[in-house]
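Below is the file work_17.txt, which contains compact mmCIF, C-alpha atoms and all ligand atoms.
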```
# COMPACT_ATOMS: atom_id res chain seq x y z
CA MET A 1 -33.40 78.14 6.64
CA LYS A 2 -30.48 77.12 4.44
CA ILE A 3 -28.31 76.35 7.48
CA LEU A 4 -31.03 74.25 9.04
CA LEU A 5 -31.47 72.35 5.76
CA ALA A 6 -27.71 71.67 5.60
CA ILE A 7 -27.67 70.36 9.15
CA GLY A 8 -30.65 68.17 8.39
CA LEU A 9 -28.89 66.67 5.38
CA LEU A 10 -25.73 65.97 7.39
CA ALA A 11 -27.69 64.43 10.23
CA SER A 12 -29.45 62.08 7.86
CA GLY A 13 -26.14 61.02 6.35
CA THR A 14 -26.91 62.47 2.93
CA THR A 15 -23.78 63.50 1.05
CA ALA A 16 -25.49 65.53 -1.68
CA ALA A 17 -24.86 69.24 -1.19
CA VAL A 18 -28.04 70.23 -3.02
CA ALA A 19 -31.34 68.43 -2.85
CA GLU A 20 -32.74 67.09 -6.14
CA PRO A 21 -35.19 69.61 -7.58
CA LYS A 22 -38.82 68.72 -7.03
CA PHE A 23 -40.81 67.61 -10.04
CA ALA A 24 -42.59 70.46 -11.79
CA TRP A 25 -44.80 70.59 -14.85
CA PRO A 26 -43.53 72.89 -17.64
CA ASP A 27 -44.47 76.57 -17.85
CA GLY A 28 -45.85 76.64 -14.32
CA ARG A 29 -48.73 74.35 -15.09
CA LYS A 30 -50.30 72.36 -12.27
CA ALA A 31 -51.26 69.09 -13.95
CA ALA A 32 -51.45 67.24 -17.26
CA ILE A 33 -54.29 65.57 -19.12
CA LEU A 34 -53.71 63.00 -21.88
CA LEU A 35 -56.75 62.41 -24.06
CA THR A 36 -56.60 58.99 -25.74
CA TYR A 37 -59.04 57.48 -28.22
CA ASP A 38 -58.99 53.72 -28.78
CA ASP A 39 -59.90 51.30 -31.56
CA ALA A 40 -59.78 53.59 -34.65
CA ILE A 41 -63.54 54.07 -34.70
CA PRO A 42 -63.85 56.21 -37.85
CA ALA A 43 -67.16 57.92 -37.08
CA SER A 44 -66.16 58.78 -33.51
CA ASP A 45 -62.53 59.66 -34.08
CA LEU A 46 -62.50 61.31 -37.49
CA ASP A 47 -66.00 62.80 -37.63
CA VAL A 48 -66.50 63.92 -34.02
CA ALA A 49 -63.52 63.78 -31.65
CA ALA A 50 -60.77 65.13 -33.91
CA PRO A 51 -62.80 68.08 -35.26
CA GLN A 52 -63.77 69.03 -31.70
CA LEU A 53 -60.13 68.80 -30.60
CA ASP A 54 -59.02 70.92 -33.55
CA ARG A 55 -61.57 73.63 -32.83
CA ALA A 56 -60.40 73.69 -29.19
CA GLN A 57 -56.74 73.70 -30.32
CA LEU A 58 -56.00 70.62 -28.23
CA LYS A 59 -54.07 67.51 -29.26
CA GLY A 60 -54.95 63.90 -28.50
CA THR A 61 -53.62 60.40 -29.10
CA PHE A 62 -55.42 57.86 -31.25
CA PHE A 63 -54.54 54.22 -30.52
CA LEU A 64 -55.44 52.64 -33.85
CA MET A 65 -56.55 49.06 -34.42
CA GLY A 66 -55.85 47.92 -37.97
CA LYS A 67 -58.96 45.82 -38.52
CA ALA A 68 -61.26 48.84 -38.03
CA MET A 69 -59.46 51.01 -40.56
CA ARG A 70 -60.74 51.66 -44.07
CA ALA A 71 -58.62 52.47 -47.09
CA ASP A 72 -60.85 55.46 -47.84
CA ASP A 73 -59.87 57.04 -44.52
CA VAL A 74 -56.10 56.86 -45.05
CA PRO A 75 -55.86 60.53 -46.16
CA ARG A 76 -57.81 61.62 -43.08
CA TRP A 77 -55.62 59.63 -40.66
CA ARG A 78 -52.55 61.10 -42.39
CA ALA A 79 -53.93 64.62 -42.05
CA LEU A 80 -54.78 64.00 -38.40
CA ALA A 81 -51.19 62.92 -37.67
CA ALA A 82 -49.72 65.79 -39.71
CA SER A 83 -51.72 68.30 -37.68
CA GLY A 84 -50.02 67.23 -34.44
CA HIS A 85 -52.22 64.50 -33.03
CA GLU A 86 -50.43 61.28 -32.09
CA LEU A 87 -51.06 57.86 -33.62
CA GLY A 88 -50.50 54.83 -31.39
CA ASN A 89 -50.46 51.06 -31.83
CA HIS A 90 -53.43 49.03 -30.58
CA THR A 91 -52.68 45.87 -32.64
CA VAL A 92 -54.45 44.76 -35.83
CA ASN A 93 -56.99 42.27 -34.44
CA HIS A 94 -57.33 43.43 -30.81
CA PRO A 95 -57.00 40.04 -29.06
CA CYS A 96 -58.76 39.86 -25.70
CA ARG A 97 -59.56 37.01 -23.34
CA ARG A 98 -62.40 34.67 -24.19
CA GLY A 99 -65.75 36.08 -23.02
CA THR A 100 -64.71 39.75 -23.08
CA PHE A 101 -66.83 40.39 -26.14
CA ASP A 102 -68.04 38.49 -29.21
CA MET A 103 -65.14 37.72 -31.50
CA PRO A 104 -63.95 34.73 -33.54
CA VAL A 105 -62.19 32.17 -31.35
CA GLN A 106 -59.01 32.58 -33.43
CA TYR A 107 -58.74 36.13 -32.07
CA HIS A 108 -59.11 35.22 -28.39
CA SER A 109 -55.84 35.99 -26.64
CA GLU A 110 -55.82 32.36 -25.46
CA SER A 111 -55.43 31.38 -29.14
CA TYR A 112 -52.40 33.62 -29.68
CA SER A 113 -48.73 33.10 -28.92
CA VAL A 114 -46.32 35.86 -27.94
CA ASP A 115 -44.56 35.52 -31.32
CA VAL A 116 -47.83 35.88 -33.24
CA LEU A 117 -48.80 38.96 -31.25
CA LEU A 118 -45.40 40.62 -31.68
CA THR A 119 -45.56 39.97 -35.43
CA GLU A 120 -48.98 41.63 -35.48
CA ILE A 121 -47.77 44.61 -33.44
CA GLY A 122 -44.85 44.96 -35.86
CA ALA A 123 -47.18 44.96 -38.86
CA MET A 124 -49.37 47.58 -37.18
CA ASN A 125 -46.29 49.70 -36.55
CA THR A 126 -45.46 49.57 -40.26
CA LEU A 127 -48.98 50.75 -41.10
CA LEU A 128 -48.64 53.61 -38.62
CA THR A 129 -45.25 54.55 -40.05
CA ALA A 130 -46.85 54.73 -43.49
CA LEU A 131 -49.37 57.18 -42.04
CA ASP A 132 -47.17 59.45 -39.92
CA GLY A 133 -43.55 58.78 -40.91
CA LYS A 134 -42.49 57.97 -37.35
CA PRO A 135 -40.42 54.79 -36.94
CA LYS A 136 -42.00 53.69 -33.62
CA HIS A 137 -45.11 54.38 -31.62
CA ALA A 138 -46.63 54.08 -28.18
CA PHE A 139 -48.75 50.98 -27.57
CA ALA A 140 -52.01 50.44 -25.69
CA THR A 141 -52.83 46.92 -24.50
CA PRO A 142 -56.15 45.61 -25.90
CA CYS A 143 -58.66 45.26 -23.03
CA GLU A 144 -55.74 45.87 -20.62
CA HIS A 145 -54.96 42.17 -20.93
CA THR A 146 -51.24 41.52 -20.77
CA THR A 147 -51.12 37.78 -21.52
CA VAL A 148 -51.56 35.75 -24.69
CA GLY A 149 -51.53 31.96 -24.81
CA GLY A 150 -50.98 31.95 -21.05
CA GLN A 151 -47.76 33.98 -21.34
CA ASP A 152 -47.16 37.55 -20.20
CA TYR A 153 -46.13 39.48 -23.30
CA ILE A 154 -45.06 42.79 -21.74
CA ALA A 155 -41.41 41.85 -21.12
CA PRO A 156 -40.93 40.34 -24.62
CA LEU A 157 -42.65 43.39 -26.13
CA LYS A 158 -40.31 45.76 -24.30
CA ALA A 159 -37.31 43.64 -25.31
CA SER A 160 -38.44 43.60 -28.95
CA GLY A 161 -38.04 47.35 -29.31
CA LEU A 162 -41.20 47.42 -31.45
CA VAL A 163 -42.91 50.10 -29.36
CA THR A 164 -41.89 53.07 -27.25
CA LEU A 165 -44.25 53.50 -24.28
CA ILE A 166 -46.93 51.09 -23.09
CA ARG A 167 -50.30 52.35 -21.86
CA ASP A 168 -51.54 49.80 -19.36
CA SER A 169 -52.39 50.40 -15.72
CA SER A 170 -50.14 47.50 -14.64
CA VAL A 171 -46.98 48.86 -16.29
CA MET A 172 -47.15 52.58 -15.58
CA PRO A 173 -44.02 54.20 -14.14
CA ALA A 174 -44.10 54.85 -10.39
CA PHE A 175 -42.30 57.96 -9.17
CA ALA A 176 -40.99 58.76 -5.71
CA ASP A 177 -40.71 62.34 -6.90
CA GLY A 178 -42.88 62.74 -9.95
CA PRO A 179 -46.51 63.01 -10.82
CA LYS A 180 -49.12 60.64 -9.50
CA ILE A 181 -50.72 58.86 -12.47
CA MET A 182 -54.51 58.77 -12.55
CA GLY A 183 -56.58 57.06 -15.23
CA ASN A 184 -60.24 57.02 -16.21
CA GLY A 185 -62.16 55.33 -19.00
CA PHE A 186 -65.24 57.46 -19.48
CA VAL A 187 -68.36 55.59 -20.60
CA GLY A 188 -71.73 57.35 -20.46
CA THR A 189 -70.12 60.04 -18.28
CA SER A 190 -71.57 63.54 -18.27
CA GLY A 191 -69.46 66.54 -19.17
CA ALA A 192 -69.84 67.85 -15.63
CA ASP A 193 -68.55 64.60 -14.15
CA MET A 194 -65.58 64.55 -16.55
CA VAL A 195 -64.72 68.11 -15.57
CA ALA A 196 -65.04 67.18 -11.88
CA TRP A 197 -62.50 64.38 -12.41
CA VAL A 198 -60.11 66.73 -14.20
CA LYS A 199 -60.34 69.06 -11.20
CA GLN A 200 -59.27 66.15 -8.97
CA VAL A 201 -56.27 65.55 -11.25
CA GLU A 202 -55.45 69.24 -11.14
CA SER A 203 -55.61 69.48 -7.35
CA ALA A 204 -53.35 66.40 -7.09
CA GLY A 205 -50.83 67.88 -9.56
CA ALA A 206 -51.20 64.56 -11.34
CA LEU A 207 -50.91 63.10 -14.81
CA GLY A 208 -54.44 62.13 -15.85
CA ILE A 209 -54.99 59.64 -18.64
CA VAL A 210 -58.45 59.59 -20.20
CA VAL A 211 -59.50 56.62 -22.35
CA PHE A 212 -62.33 57.17 -24.82
CA HIS A 213 -63.97 54.78 -27.26
CA GLY A 214 -67.13 56.07 -28.93
CA VAL A 215 -67.64 59.81 -28.98
CA GLY A 216 -71.11 60.84 -30.12
CA GLY A 217 -72.06 57.23 -30.96
CA ASP A 218 -70.59 53.76 -31.52
CA TYR A 219 -69.79 51.80 -28.33
CA LEU A 220 -68.58 52.49 -24.77
CA SER A 221 -69.47 56.04 -25.67
CA VAL A 222 -69.86 59.51 -24.29
CA THR A 223 -72.01 62.07 -26.07
CA ALA A 224 -70.47 64.65 -28.37
CA GLU A 225 -71.86 67.34 -26.04
CA ALA A 226 -70.16 65.84 -22.98
CA HIS A 227 -66.86 65.53 -24.85
CA GLN A 228 -67.17 69.13 -25.98
CA ARG A 229 -67.78 70.31 -22.42
CA LEU A 230 -64.61 68.57 -21.27
CA LEU A 231 -62.63 70.18 -24.11
CA ASP A 232 -64.11 73.60 -23.32
CA TYR A 233 -62.86 73.26 -19.74
CA LEU A 234 -59.40 72.11 -20.82
CA ALA A 235 -59.13 74.92 -23.38
CA ALA A 236 -60.20 77.54 -20.84
CA HIS A 237 -57.61 76.24 -18.36
CA ARG A 238 -54.75 75.59 -20.76
CA ARG A 239 -52.40 77.76 -18.70
CA SER A 240 -52.80 75.53 -15.64
CA ILE A 241 -53.56 72.15 -17.27
CA TRP A 242 -51.19 70.74 -19.91
CA THR A 243 -53.29 68.81 -22.43
CA ALA A 244 -50.95 67.15 -24.91
CA PRO A 245 -50.34 63.85 -26.73
CA TYR A 246 -49.56 60.77 -24.68
CA SER A 247 -45.88 60.37 -25.58
CA GLU A 248 -45.08 64.07 -25.16
CA VAL A 249 -46.42 64.19 -21.61
CA MET A 250 -45.25 60.73 -20.55
CA ASN A 251 -41.72 61.34 -21.84
CA TYR A 252 -41.60 64.62 -19.92
CA ALA A 253 -42.75 62.86 -16.74
CA VAL A 254 -40.17 60.09 -17.13
CA GLN A 255 -37.35 62.53 -17.89
CA HIS A 256 -38.14 64.88 -15.02
CA GLY A 257 -39.59 62.49 -12.45
CA HIS A 258 -37.44 60.31 -10.20
ZN ZN B 301 -59.31 48.63 -27.56
```
Go ahead and express the file in the form of C-alpha cells.
Amino acid sequence: MKILLAIGLLASGTTAAVAEPKFAWPDGRKAAILLTYDDAIPASDLDVAAPQLDRAQLKGTFFLMGKAMRADDVPRWRALAASGHELGNHTVNHPCRRGTFDMPVQYHSESYSVDVLLTEIGAMNTLLTALDGKPKHAFATPCEHTTVGGQDYIAPLKASGLVTLIRDSSVMPAFADGPKIMGNGFVGTSGADMVAWVKQVESAGALGIVVFHGVGGDYLSVTAEAHQRLLDYLAAHRRSIWTAPYSEVMNYAVQHGH
C-alpha cells in the first residue's frame, strides 16, 4: 500500500514525501459542539442555562450585550467566567437593521458608522476584561448583520484587532481538510430534535455551533427541560463529542485544519 501511495504521489506531480495528516478531533472524539448564549439575558443565562451547564460539567460561551447587564449581576458574571465558561462580545447596544425588532431609531444599524460601532465594541471589550481579566474576546455579530451605515464592518473590525474570532455564518473559516461547520439557532425546539441535530453533527464529524437566546423563558426561547435534555445527551457522550467554549474549539479547528 505504501508503494502504491508513493507512485500515486509521483504521478500526480506532488513533491511532498508524506501526505499532510488528516484533521482529527482531540482524544479520539468524533465531533465538537459549541454552546453559545446571546444577549446577556440574566434570567436565562445566570438562573437557568449556567446552572444546568455546571451540573452537567459542560462549558459554554456567553456573548454579552452591555445594555442588558445589571450592576447587581457583576459578581455572578465574574464567577461564571472564573469557572471556565467563556465571555464574548456582542456589542453594547446590539444594532440591527431597521425593522428587525422594535428599537430606537438611533440604534438601527443604518444610523451607525463603522467608527461608532468599533468604539462601542472596544468599550464592550473593556467591560468584559473587567469581568474575566482577558485582554480580548470573540465577537458575535448582532442579528448576523455585517453592515452599519451602508458599510461592511467585518474587514475594519478584523483590522482593528479589537476582537479575536468572529461568529457569523458569512465569515466562518472554510477548510479543505478540516471540520465542516454546522450552525443552528434553536427556538422552540424540543430536546429530542436538538439531540437529533447533534447526532447529524456527530455523524458528519463536524463542528456544530448552537445559538441560544432565552432558556426557560424570555424570548426566542427553548424550555429549560429541552435544554437539559440536550445537555444530558452531551454529557453522556462526552467521550465522542467535544463540548467546549467557542474559542477553544474554533482555535483548535483553525490550528489543525487546512
Ligand atoms: Zn443578539
Within-7 Å shell of (-59.6, 59.7, -24.8) in input frame, all atoms listed in the file, as a ChimeraX atom specification: /A:35-37,210-212
12 Å shell around ligand ZN 301 (chain B) using only C-alpha atoms and all ligand atoms, listed as a PyMOL selection string: chain A and resi 36-41+62-68+88-96+100-101+139-145+167-168+185+211-214+219-220
All residues 8 Å or closer to A:Leu231, all atoms listed in the file, same chain fewer than 6 positions away omitted, as an MDAnalysis selection string: chainID A and resid 52:53 56 58
Preceding selection exported with C-alpha atoms as a CSV table (one decimal), in the coordinates of the input:
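Done, and the output landed in again_33.csv:
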```csv
chain,number,residue,atom,x,y,z
A,52,GLN,CA,-63.8,69.0,-31.7
A,53,LEU,CA,-60.1,68.8,-30.6
A,56,ALA,CA,-60.4,73.7,-29.2
A,58,LEU,CA,-56.0,70.6,-28.2
```
Residue neighbourhood A:Arg78, 7 Å, all atoms listed in the file, exclusion window fewer than 4 positions, as a VMD selection string: chain A and resid 74 82 131 to 132
Length of the atom CA of A:Ala206 to atom CA of A:Ala81 vector [Å]: 26.4 Å
